[in-house]
>>> print(open('protein-v9.cif').read())   # mmCIF, C-alpha atoms
data_structure
#
loop_
_atom_site.label_atom_id
_atom_site.label_comp_id
_atom_site.auth_asym_id
_atom_site.auth_seq_id
_atom_site.Cartn_x
_atom_site.Cartn_y
_atom_site.Cartn_z
CA MET Y 282 11.56 -13.52 -6.88
CA ALA Y 283 12.31 -10.20 -5.17
CA LEU Y 284 10.20 -8.36 -7.72
CA LEU Y 285 7.32 -10.80 -7.36
CA ALA Y 286 7.49 -10.45 -3.57
CA SER Y 287 7.22 -6.66 -3.79
CA ARG Y 288 3.80 -6.60 -5.43
CA ARG Y 289 0.75 -8.82 -5.79
CA THR Y 290 1.10 -9.39 -9.53
CA TRP Y 291 3.49 -8.49 -12.32
CA SER Y 292 2.76 -8.64 -16.02
CA PHE Y 293 5.25 -10.25 -18.38
CA GLN Y 294 6.10 -6.89 -19.97
CA GLU Y 295 6.67 -5.22 -16.59
CA LEU Y 296 9.01 -7.99 -15.47
CA LYS Y 297 10.86 -7.88 -18.77
CA ALA Y 298 11.32 -4.09 -18.48
CA GLU Y 299 12.55 -4.28 -14.87
CA LEU Y 300 14.89 -7.23 -15.37
CA LYS Y 301 16.03 -6.26 -18.88
CA MET Y 302 15.86 -9.88 -20.02
CA SER Y 303 14.95 -11.34 -23.38
CA ASP Y 304 11.53 -12.96 -23.85
CA GLY Y 305 12.95 -16.48 -24.06
CA ASN Y 306 15.20 -16.04 -21.02
CA LEU Y 307 12.39 -14.67 -18.86
CA ILE Y 308 9.90 -17.33 -19.95
CA THR Y 309 12.39 -20.06 -19.11
CA HIS Y 310 12.92 -18.67 -15.61
CA MET Y 311 9.18 -18.27 -15.05
CA ARG Y 312 8.47 -21.82 -16.21
CA THR Y 313 11.08 -23.20 -13.84
CA LEU Y 314 9.60 -21.29 -10.90
CA HIS Y 315 6.11 -22.39 -11.92
CA LYS Y 316 7.16 -26.03 -12.14
CA GLN Y 317 8.42 -25.84 -8.56
CA GLY Y 318 5.08 -24.38 -7.47
CA LEU Y 319 6.63 -21.09 -6.42
CA ILE Y 320 4.62 -18.83 -8.75
CA SER Y 321 1.23 -18.82 -10.42
CA ILE Y 322 0.73 -17.83 -14.05
CA THR Y 323 -2.52 -16.21 -15.15
CA LYS Y 324 -3.49 -15.57 -18.75
CA GLU Y 325 -6.09 -12.86 -19.47
CA PHE Y 326 -7.33 -11.04 -22.51
CA HIS Y 327 -7.67 -7.23 -22.38
CA GLY Y 328 -7.86 -6.38 -26.00
CA ARG Y 329 -4.68 -8.41 -26.33
CA PRO Y 330 -3.34 -11.45 -24.44
CA GLN Y 331 -1.69 -10.63 -21.13
CA THR Y 332 0.19 -12.95 -18.79
CA THR Y 333 0.62 -12.05 -15.15
CA TYR Y 334 2.71 -13.71 -12.49
CA ALA Y 335 2.33 -13.88 -8.74
CA LEU Y 336 4.03 -15.65 -5.88
CA THR Y 337 2.17 -18.61 -4.41
CA GLY Y 338 2.04 -19.15 -0.66
CA LYS Y 339 4.78 -21.74 -1.04
CA GLY Y 340 6.85 -19.32 -3.10
CA ARG Y 341 6.44 -16.51 -0.58
CA ALA Y 342 7.45 -18.76 2.30
CA ALA Y 343 10.44 -20.11 0.38
CA PHE Y 344 11.63 -16.63 -0.57
CA ARG Y 345 11.24 -15.40 3.00
CA GLU Y 346 13.40 -18.33 4.18
CA HIS Y 347 15.94 -17.52 1.50
CA ILE Y 348 16.14 -13.85 2.60
CA SER Y 349 16.45 -14.87 6.24
CA ALA Y 350 19.32 -17.21 5.35
CA LEU Y 351 21.09 -14.45 3.42
CA GLU Y 352 20.60 -12.03 6.32
CA GLN Y 353 22.14 -14.60 8.65
CA ILE Y 354 25.12 -15.02 6.34
CA VAL Y 355 25.68 -11.26 6.15
CA LYS Y 356 25.37 -10.98 9.92
CA GLU Y 357 28.02 -13.67 10.44
CA TRP Y 358 30.18 -12.12 7.77
CA LYS Y 359 30.20 -8.78 9.58
CA ALA Y 360 30.95 -10.37 12.98
CA MET R 119 30.01 1.31 0.14
CA ASP R 120 31.84 -1.89 1.09
CA PRO R 121 30.40 -5.20 -0.16
CA ARG R 122 29.13 -6.24 3.29
CA SER R 123 27.21 -3.01 3.82
CA LYS R 124 25.89 -3.15 0.26
CA ALA R 125 24.63 -6.71 0.80
CA GLU R 126 22.98 -5.68 4.06
CA GLU R 127 21.36 -2.66 2.45
CA ASP R 128 20.10 -4.73 -0.51
CA LEU R 129 18.54 -7.27 1.83
CA ARG R 130 16.96 -4.51 3.90
CA VAL R 131 15.37 -3.01 0.78
CA ILE R 132 14.06 -6.41 -0.34
CA ARG R 133 12.56 -7.10 3.08
CA THR R 134 10.93 -3.65 3.20
CA LEU R 135 9.37 -4.18 -0.24
CA MET R 136 8.10 -7.59 0.84
CA GLU R 137 6.47 -6.21 3.98
CA ARG R 138 4.85 -3.29 2.17
CA ALA R 139 3.33 -5.58 -0.45
CA THR R 140 1.43 -7.49 2.20
CA ILE R 141 -0.13 -4.50 3.90
CA TYR R 142 -2.82 -4.09 1.27
CA ARG R 143 -4.47 -7.30 2.42
CA ALA R 144 -5.51 -5.54 5.62
CA ILE R 145 -7.92 -3.26 3.70
CA SER R 146 -9.70 -5.46 1.22
CA ALA R 147 -12.55 -5.24 -1.17
CA PRO R 148 -14.70 -7.73 0.78
CA THR R 149 -14.31 -5.65 3.95
CA ALA R 150 -15.27 -2.50 2.06
CA LEU R 151 -18.30 -4.34 0.67
CA VAL R 152 -19.44 -5.41 4.15
CA ALA R 153 -18.89 -1.91 5.57
CA GLY R 154 -20.58 -0.26 2.61
CA VAL R 155 -23.66 -2.46 2.57
CA LEU R 156 -24.03 -2.32 6.34
CA SER R 157 -23.68 1.46 6.44
CA ILE R 158 -26.29 1.95 3.76
CA LEU R 159 -28.71 -0.46 5.43
CA VAL R 160 -28.26 1.29 8.77
CA THR R 161 -28.72 4.70 7.16
CA VAL R 162 -31.96 3.62 5.52
CA ALA R 163 -33.17 1.90 8.70
CA VAL R 164 -32.44 4.88 10.94
CA TYR R 165 -33.94 7.32 8.45
CA TRP R 166 -37.12 5.26 8.19
CA SER R 167 -37.22 4.78 11.95
CA ASN R 168 -36.88 8.51 12.53
CA GLU R 169 -39.64 9.24 10.04
CA HIS R 170 -41.97 6.86 11.84
CA THR R 171 -40.37 7.03 15.32
CA VAL R 172 -40.35 3.25 15.40
CA ALA R 173 -37.22 2.31 17.39
CA PHE R 174 -37.41 3.98 20.82
CA GLY R 175 -40.62 5.90 20.17
CA ARG R 176 -38.50 8.88 19.33
CA VAL R 177 -35.90 10.04 16.86
CA ILE R 178 -32.54 8.27 17.01
CA ARG R 179 -30.17 10.98 18.16
CA GLY R 180 -27.35 11.52 20.61
CA ARG R 181 -26.04 8.37 22.23
CA GLN R 182 -28.30 6.05 20.21
CA PHE R 183 -26.84 7.54 17.04
CA VAL R 184 -23.30 6.82 18.31
CA ASN R 185 -24.26 3.31 19.44
CA VAL R 186 -25.63 2.43 16.03
CA TRP R 187 -22.52 3.53 14.18
CA ILE R 188 -20.14 1.96 16.68
CA ALA R 189 -22.01 -1.30 16.10
CA VAL R 190 -21.38 -0.90 12.35
CA LEU R 191 -17.70 -0.26 13.08
CA VAL R 192 -17.44 -3.38 15.26
CA VAL R 193 -19.04 -5.60 12.60
CA ALA R 194 -16.81 -4.14 9.85
CA LEU R 195 -13.70 -4.67 11.99
CA ALA R 196 -14.76 -8.24 12.73
CA ALA R 197 -15.25 -8.88 9.02
CA ASN R 198 -11.84 -7.37 8.22
CA THR R 199 -10.20 -9.50 10.90
CA PHE R 200 -11.80 -12.62 9.45
CA PHE R 201 -10.75 -11.82 5.88
CA VAL R 202 -7.16 -10.99 6.91
CA TRP R 203 -6.97 -14.20 8.99
CA ARG R 204 -8.30 -16.28 6.09
CA GLU R 205 -5.78 -14.83 3.65
CA ALA R 206 -2.90 -15.24 6.12
CA ARG R 207 -3.84 -18.90 6.60
CA LYS R 208 -4.12 -19.47 2.84
CA ASN R 209 -0.65 -18.01 2.24
CA CYS R 210 0.98 -19.65 5.28
CA ARG R 211 1.75 -16.28 6.86
CA PRO R 212 1.41 -15.04 10.44
CA PHE R 213 -1.82 -13.20 11.15
CA VAL R 214 -0.06 -10.26 12.78
CA SER R 215 2.79 -9.59 10.42
CA SER R 216 5.36 -6.81 10.67
CA GLY R 217 3.52 -5.26 7.73
CA MET R 218 0.30 -5.13 9.71
CA ARG R 219 2.15 -3.58 12.65
CA LEU R 220 3.54 -0.96 10.29
CA ALA R 221 0.06 -0.15 8.95
CA LEU R 222 -1.50 0.05 12.42
CA GLY R 223 1.34 2.28 13.57
CA ALA R 224 0.66 4.62 10.67
CA ILE R 225 -3.10 4.96 11.18
CA ALA R 226 -3.22 4.91 15.00
CA PRO R 227 -2.42 8.62 15.51
CA CYS R 228 -5.24 9.58 13.13
CA LEU R 229 -7.74 7.65 15.21
CA LEU R 230 -6.92 9.24 18.57
CA ILE R 231 -8.85 12.45 17.99
CA PRO R 232 -12.06 10.82 16.70
CA ALA R 233 -11.88 8.36 19.60
CA ALA R 234 -11.50 11.19 22.11
CA PHE R 235 -14.23 13.23 20.42
CA THR R 236 -16.59 10.26 20.47
CA ILE R 237 -15.98 9.76 24.19
CA TRP R 238 -16.60 13.45 24.82
CA PHE R 239 -19.79 13.33 22.75
CA TYR R 240 -20.99 10.24 24.60
CA PHE R 241 -20.66 11.91 28.00
CA THR R 242 -21.31 15.57 27.20
CA GLY R 243 -21.64 16.44 23.53
CA TYR R 244 -24.91 14.63 22.95
CA LEU R 245 -26.65 17.17 25.17
CA GLY R 246 -25.80 19.92 22.68
CA GLY R 247 -26.87 17.98 19.60
CA ALA R 248 -23.34 17.86 18.18
CA GLU R 249 -23.98 14.90 15.85
CA LEU R 250 -22.92 16.85 12.79
CA GLU R 251 -19.59 17.87 14.31
CA LEU R 252 -19.02 14.28 15.45
CA VAL R 253 -19.74 12.91 12.00
CA MET R 254 -17.41 15.45 10.39
CA VAL R 255 -14.60 14.39 12.73
CA TRP R 256 -15.21 10.71 11.94
CA ILE R 257 -15.22 11.28 8.18
CA VAL R 258 -12.22 13.63 8.06
CA PHE R 259 -9.99 11.57 10.32
CA TYR R 260 -10.93 8.29 8.64
CA GLY R 261 -9.79 9.91 5.41
CA LEU R 262 -6.55 11.01 7.06
CA ALA R 263 -6.01 7.49 8.40
CA LEU R 264 -6.34 6.05 4.89
CA LEU R 265 -4.00 8.70 3.49
CA SER R 266 -1.41 7.90 6.16
CA THR R 267 -0.94 4.50 4.47
CA GLY R 268 -0.02 6.25 1.23
CA LEU R 269 3.59 5.07 1.24
CA PHE R 270 2.71 1.42 1.06
CA ALA R 271 -0.94 1.16 -0.01
CA PRO R 272 -2.29 1.12 -3.56
CA ARG R 273 -3.48 4.31 -5.21
CA SER R 274 -7.13 3.27 -4.85
CA LEU R 275 -6.83 3.52 -1.08
CA ALA R 276 -5.35 7.01 -1.33
CA LEU R 277 -8.25 8.03 -3.60
CA LEU R 278 -10.70 6.70 -1.03
CA GLY R 279 -8.88 8.66 1.66
CA TRP R 280 -9.06 11.88 -0.33
CA SER R 281 -12.76 11.29 -0.99
CA PHE R 282 -13.43 11.04 2.73
CA LEU R 283 -11.25 14.00 3.63
CA LEU R 284 -12.71 16.35 1.04
CA SER R 285 -16.27 15.23 1.74
CA GLY R 286 -15.81 15.80 5.45
CA LEU R 287 -14.48 19.28 4.79
CA ALA R 288 -17.35 20.02 2.38
CA VAL R 289 -20.11 19.07 4.84
CA PRO R 290 -20.40 22.52 6.47
CA ALA R 291 -20.79 24.15 3.05
CA LEU R 292 -23.43 21.64 1.96
CA THR R 293 -25.38 21.46 5.22
CA ASP R 294 -28.25 23.70 4.14
CA LEU R 295 -28.64 21.90 0.81
CA ILE R 296 -28.66 18.43 2.39
CA GLN R 297 -31.00 19.61 5.14
CA ASP R 298 -33.50 20.92 2.57
CA PHE R 299 -33.55 17.61 0.70
CA THR R 300 -33.32 15.04 3.48
CA GLY R 301 -33.71 16.74 6.86
CA ASP R 302 -30.92 14.68 8.43
CA VAL R 303 -27.45 15.88 7.52
CA PRO R 304 -25.35 13.67 9.88
CA LEU R 305 -27.13 10.49 8.77
CA VAL R 306 -26.88 11.29 5.07
CA ALA R 307 -23.21 12.22 5.44
CA MET R 308 -22.49 8.86 7.08
CA GLY R 309 -24.49 6.90 4.53
CA THR R 310 -22.84 8.65 1.61
CA THR R 311 -19.26 8.33 2.84
CA PHE R 312 -19.05 5.11 4.84
CA GLY R 313 -21.81 3.52 2.76
CA LEU R 314 -21.59 4.62 -0.84
CA TYR R 315 -17.87 5.35 -1.02
CA HIS R 316 -16.99 1.95 0.43
CA LEU R 317 -19.36 0.25 -2.01
CA VAL R 318 -17.78 2.02 -4.98
CA TYR R 319 -14.32 1.14 -3.67
CA ALA R 320 -15.30 -2.52 -3.32
CA VAL R 321 -16.73 -2.67 -6.83
CA CYS R 322 -13.70 -0.97 -8.38
CA THR R 323 -11.08 -3.06 -6.57
CA TRP R 324 -12.84 -6.42 -6.45
CA PRO R 325 -10.41 -9.13 -7.70
CA ARG R 326 -11.34 -10.23 -11.20
CA LYS R 327 -12.42 -13.88 -11.30
CA LYS R 328 -12.45 -14.22 -15.11
CA ALA R 329 -8.73 -14.93 -15.39
CA ARG R 330 -7.78 -18.59 -15.39
CA THR R 331 -4.43 -19.86 -14.24
CA VAL R 332 -2.18 -21.90 -16.47
CA ASP R 333 -2.95 -24.98 -14.32
CA GLN R 334 -6.67 -24.59 -14.95
CA LEU R 335 -6.07 -24.12 -18.67
CA ALA R 336 -3.91 -27.25 -18.76
CA ASN R 337 -6.69 -29.31 -17.20
CA GLU R 338 -9.34 -28.24 -19.71
#
>>> encode(input="protein-v9.cif", output="structure tokens")
Amino acid sequence: MALLASRRTWSFQELKAELKMSDGNLITHMRTLHKQGLISITKEFHGRPQTTYALTGKGRAAFREHISALEQIVKEWKA
Amino acid sequence: MDPRSKAEEDLRVIRTLMERATIYRAISAPTALVAGVLSILVTVAVYWSNEHTVAFGRVIRGRQFVNVWIAVLVVALAANTFFVWREARKNCRPFVSSGMRLALGAIAPCLLIPAAFTIWFYFTGYLGGAELELVMVWIVFYGLALLSTGLFAPRSLALLGWSFLLSGLAVPALTDLIQDFTGDVPLVAMGTTFGLYHLVYAVCTWPRKKARTVDQLANE
């Protein structure tokens, strides 16, 4: 989610390279996020098939809430 | 680094990346299209008007020249505001985000000198026919403003910035050539940079509509 929040879109290969995950593992995670409506999946053809992922509005809002909650926890932890 | 500080640092990095990713929406292809088309239309209209002395019975120079281009700026800014607002609403985000504040903070210093120069021109400079100098300042500092977003904007915006900066710096060297062909260097410089460059930028960065989402594919 952090990667998807840092850029408009990520291709499957870029995500796989950054996260160092197997194809099956990454696809499973992406499908779960897509089922929850947190990401959109776009299939294009540029000489070869390419799948790109992006956060939806719901996904962006949910991730922002998640980060805020973590920041609150760290703040309380330090206090 | 202790675990608490590491966690704080990681979260800070994530939040910074999130904010930077949203800044691009402030400078969008639709805004560039509006600015480009409007600039070209105004260039053609003013050029034709000057050739036939239609609009004021005389050539559009001095303050009228500034007024025309400030009007273009106002319309382009209004269009940009609308597009940013629409996207913020679509994505359930605040209109004025911390990312937007970051971007405005970066470009504001680059706009002070052209603003001051324009004010000077409006009250004094127009008497000396300093349109060319004014236009050069606008073009160069607009380029610098775009380049100041280089840390968080896409490469296309940096390329646009360099195009403006180098074109503005090249105007003095090309003045005689442009004058021979068109007879109106400031107008042509504005039409080429704010018109043509924005149009090219819009065409090159326009979001592709051909891609279909998995949801759309599933419904077919």
>>> atom_distance(input="protein-v9.cif", atom1="CA of Val177 (chain R)", atom2="CA of Val164 (chain R)")
8.6 Å
>>> closest_residue(input="protein-v9.cif", among="Y:Ile322, Y:Leu314, Y:Met282, Y:Leu296", to="chain R", atoms="only C-alpha atoms")
Y:Ile322
>>> atom_distance(input="protein-v9.cif", atom1="CA of Leu269 (chain R)", atom2="CA of Leu285 (chain Y)")
18.4 Å
>>> closest_atom_pairs(input="protein-v9.cif", of="chain Y", to="chain R", cutoff="6 Å", atoms="only C-alpha atoms", output="tab-separated table")
residue	atom	partner	partner_atom	distance
Y:Ala286	CA	R:Met136	CA	5.3
Y:Ser287	CA	R:Met136	CA	4.8
Y:Arg288	CA	R:Ala139	CA	5.1
Y:Ile322	CA	R:Thr331	CA	5.5
Y:Thr323	CA	R:Thr331	CA	4.2
Y:Glu325	CA	R:Ala329	CA	5.3
Y:Gly338	CA	R:Asn209	CA	4.1
>>> residues_around(input="protein-v9.cif", residues="region 259-265 of chain R", least_positions_apart="6", cutoff="12 Å", atoms="all atoms listed in the file", output="PyMOL selection string")
chain R and resi 142+144-145+191+221-235+252-253+271-287+308+311-312+315-316
>>> atom_distance(input="protein-v9.cif", atom1="CA of Phe326 (chain Y)", atom2="CA of Asp304 (chain Y)")
19.0 Å
>>> resolve_selection(input="protein-v9.cif", expression="the PyMOL selection byres ((chain Y and resi 315) around 10)", output="ChimeraX atom specification")
/Y:309-314,316-322,334-337,340 /R:332-333
>>> write_last_selection(input="protein-v9.cif", atoms="C-alpha atoms", output="PDB file, keeping the file's coordinate frame")
ATOM      1  CA  THR Y 309      12.390 -20.060 -19.110  1.00  0.00           C
ATOM      2  CA  HIS Y 310      12.920 -18.670 -15.610  1.00  0.00           C
ATOM      3  CA  MET Y 311       9.180 -18.270 -15.050  1.00  0.00           C
ATOM      4  CA  ARG Y 312       8.470 -21.820 -16.210  1.00  0.00           C
ATOM      5  CA  THR Y 313      11.080 -23.200 -13.840  1.00  0.00           C
ATOM      6  CA  LEU Y 314       9.600 -21.290 -10.900  1.00  0.00           C
ATOM      7  CA  LYS Y 316       7.160 -26.030 -12.140  1.00  0.00           C
ATOM      8  CA  GLN Y 317       8.420 -25.840  -8.560  1.00  0.00           C
ATOM      9  CA  GLY Y 318       5.080 -24.380  -7.470  1.00  0.00           C
ATOM     10  CA  LEU Y 319       6.630 -21.090  -6.420  1.00  0.00           C
ATOM     11  CA  ILE Y 320       4.620 -18.830  -8.750  1.00  0.00           C
ATOM     12  CA  SER Y 321       1.230 -18.820 -10.420  1.00  0.00           C
ATOM     13  CA  ILE Y 322       0.730 -17.830 -14.050  1.00  0.00           C
ATOM     14  CA  TYR Y 334       2.710 -13.710 -12.490  1.00  0.00           C
ATOM     15  CA  ALA Y 335       2.330 -13.880  -8.740  1.00  0.00           C
ATOM     16  CA  LEU Y 336       4.030 -15.650  -5.880  1.00  0.00           C
ATOM     17  CA  THR Y 337       2.170 -18.610  -4.410  1.00  0.00           C
ATOM     18  CA  GLY Y 340       6.850 -19.320  -3.100  1.00  0.00           C
TER      19      GLY Y 340
ATOM     20  CA  VAL R 332      -2.180 -21.900 -16.470  1.00  0.00           C
ATOM     21  CA  ASP R 333      -2.950 -24.980 -14.320  1.00  0.00           C
TER      22      ASP R 333
END
>>> resolve_selection(input="protein-v9.cif", expression="the PyMOL selection byres ((chain R and resi 304) around 9)", output="list in words")
Glu249, Leu250, Glu251, Leu252, Val253, Met254, Asp302, Val303, Leu305, Val306, Ala307, Met308 and Gly309 of chain R
>>> closest_residue(input="protein-v9.cif", among="R:Asp120, R:Asp128, R:Glu169, R:Asp294", to="Glu352 (chain Y)", atoms="all atoms listed in the file")
R:Asp128
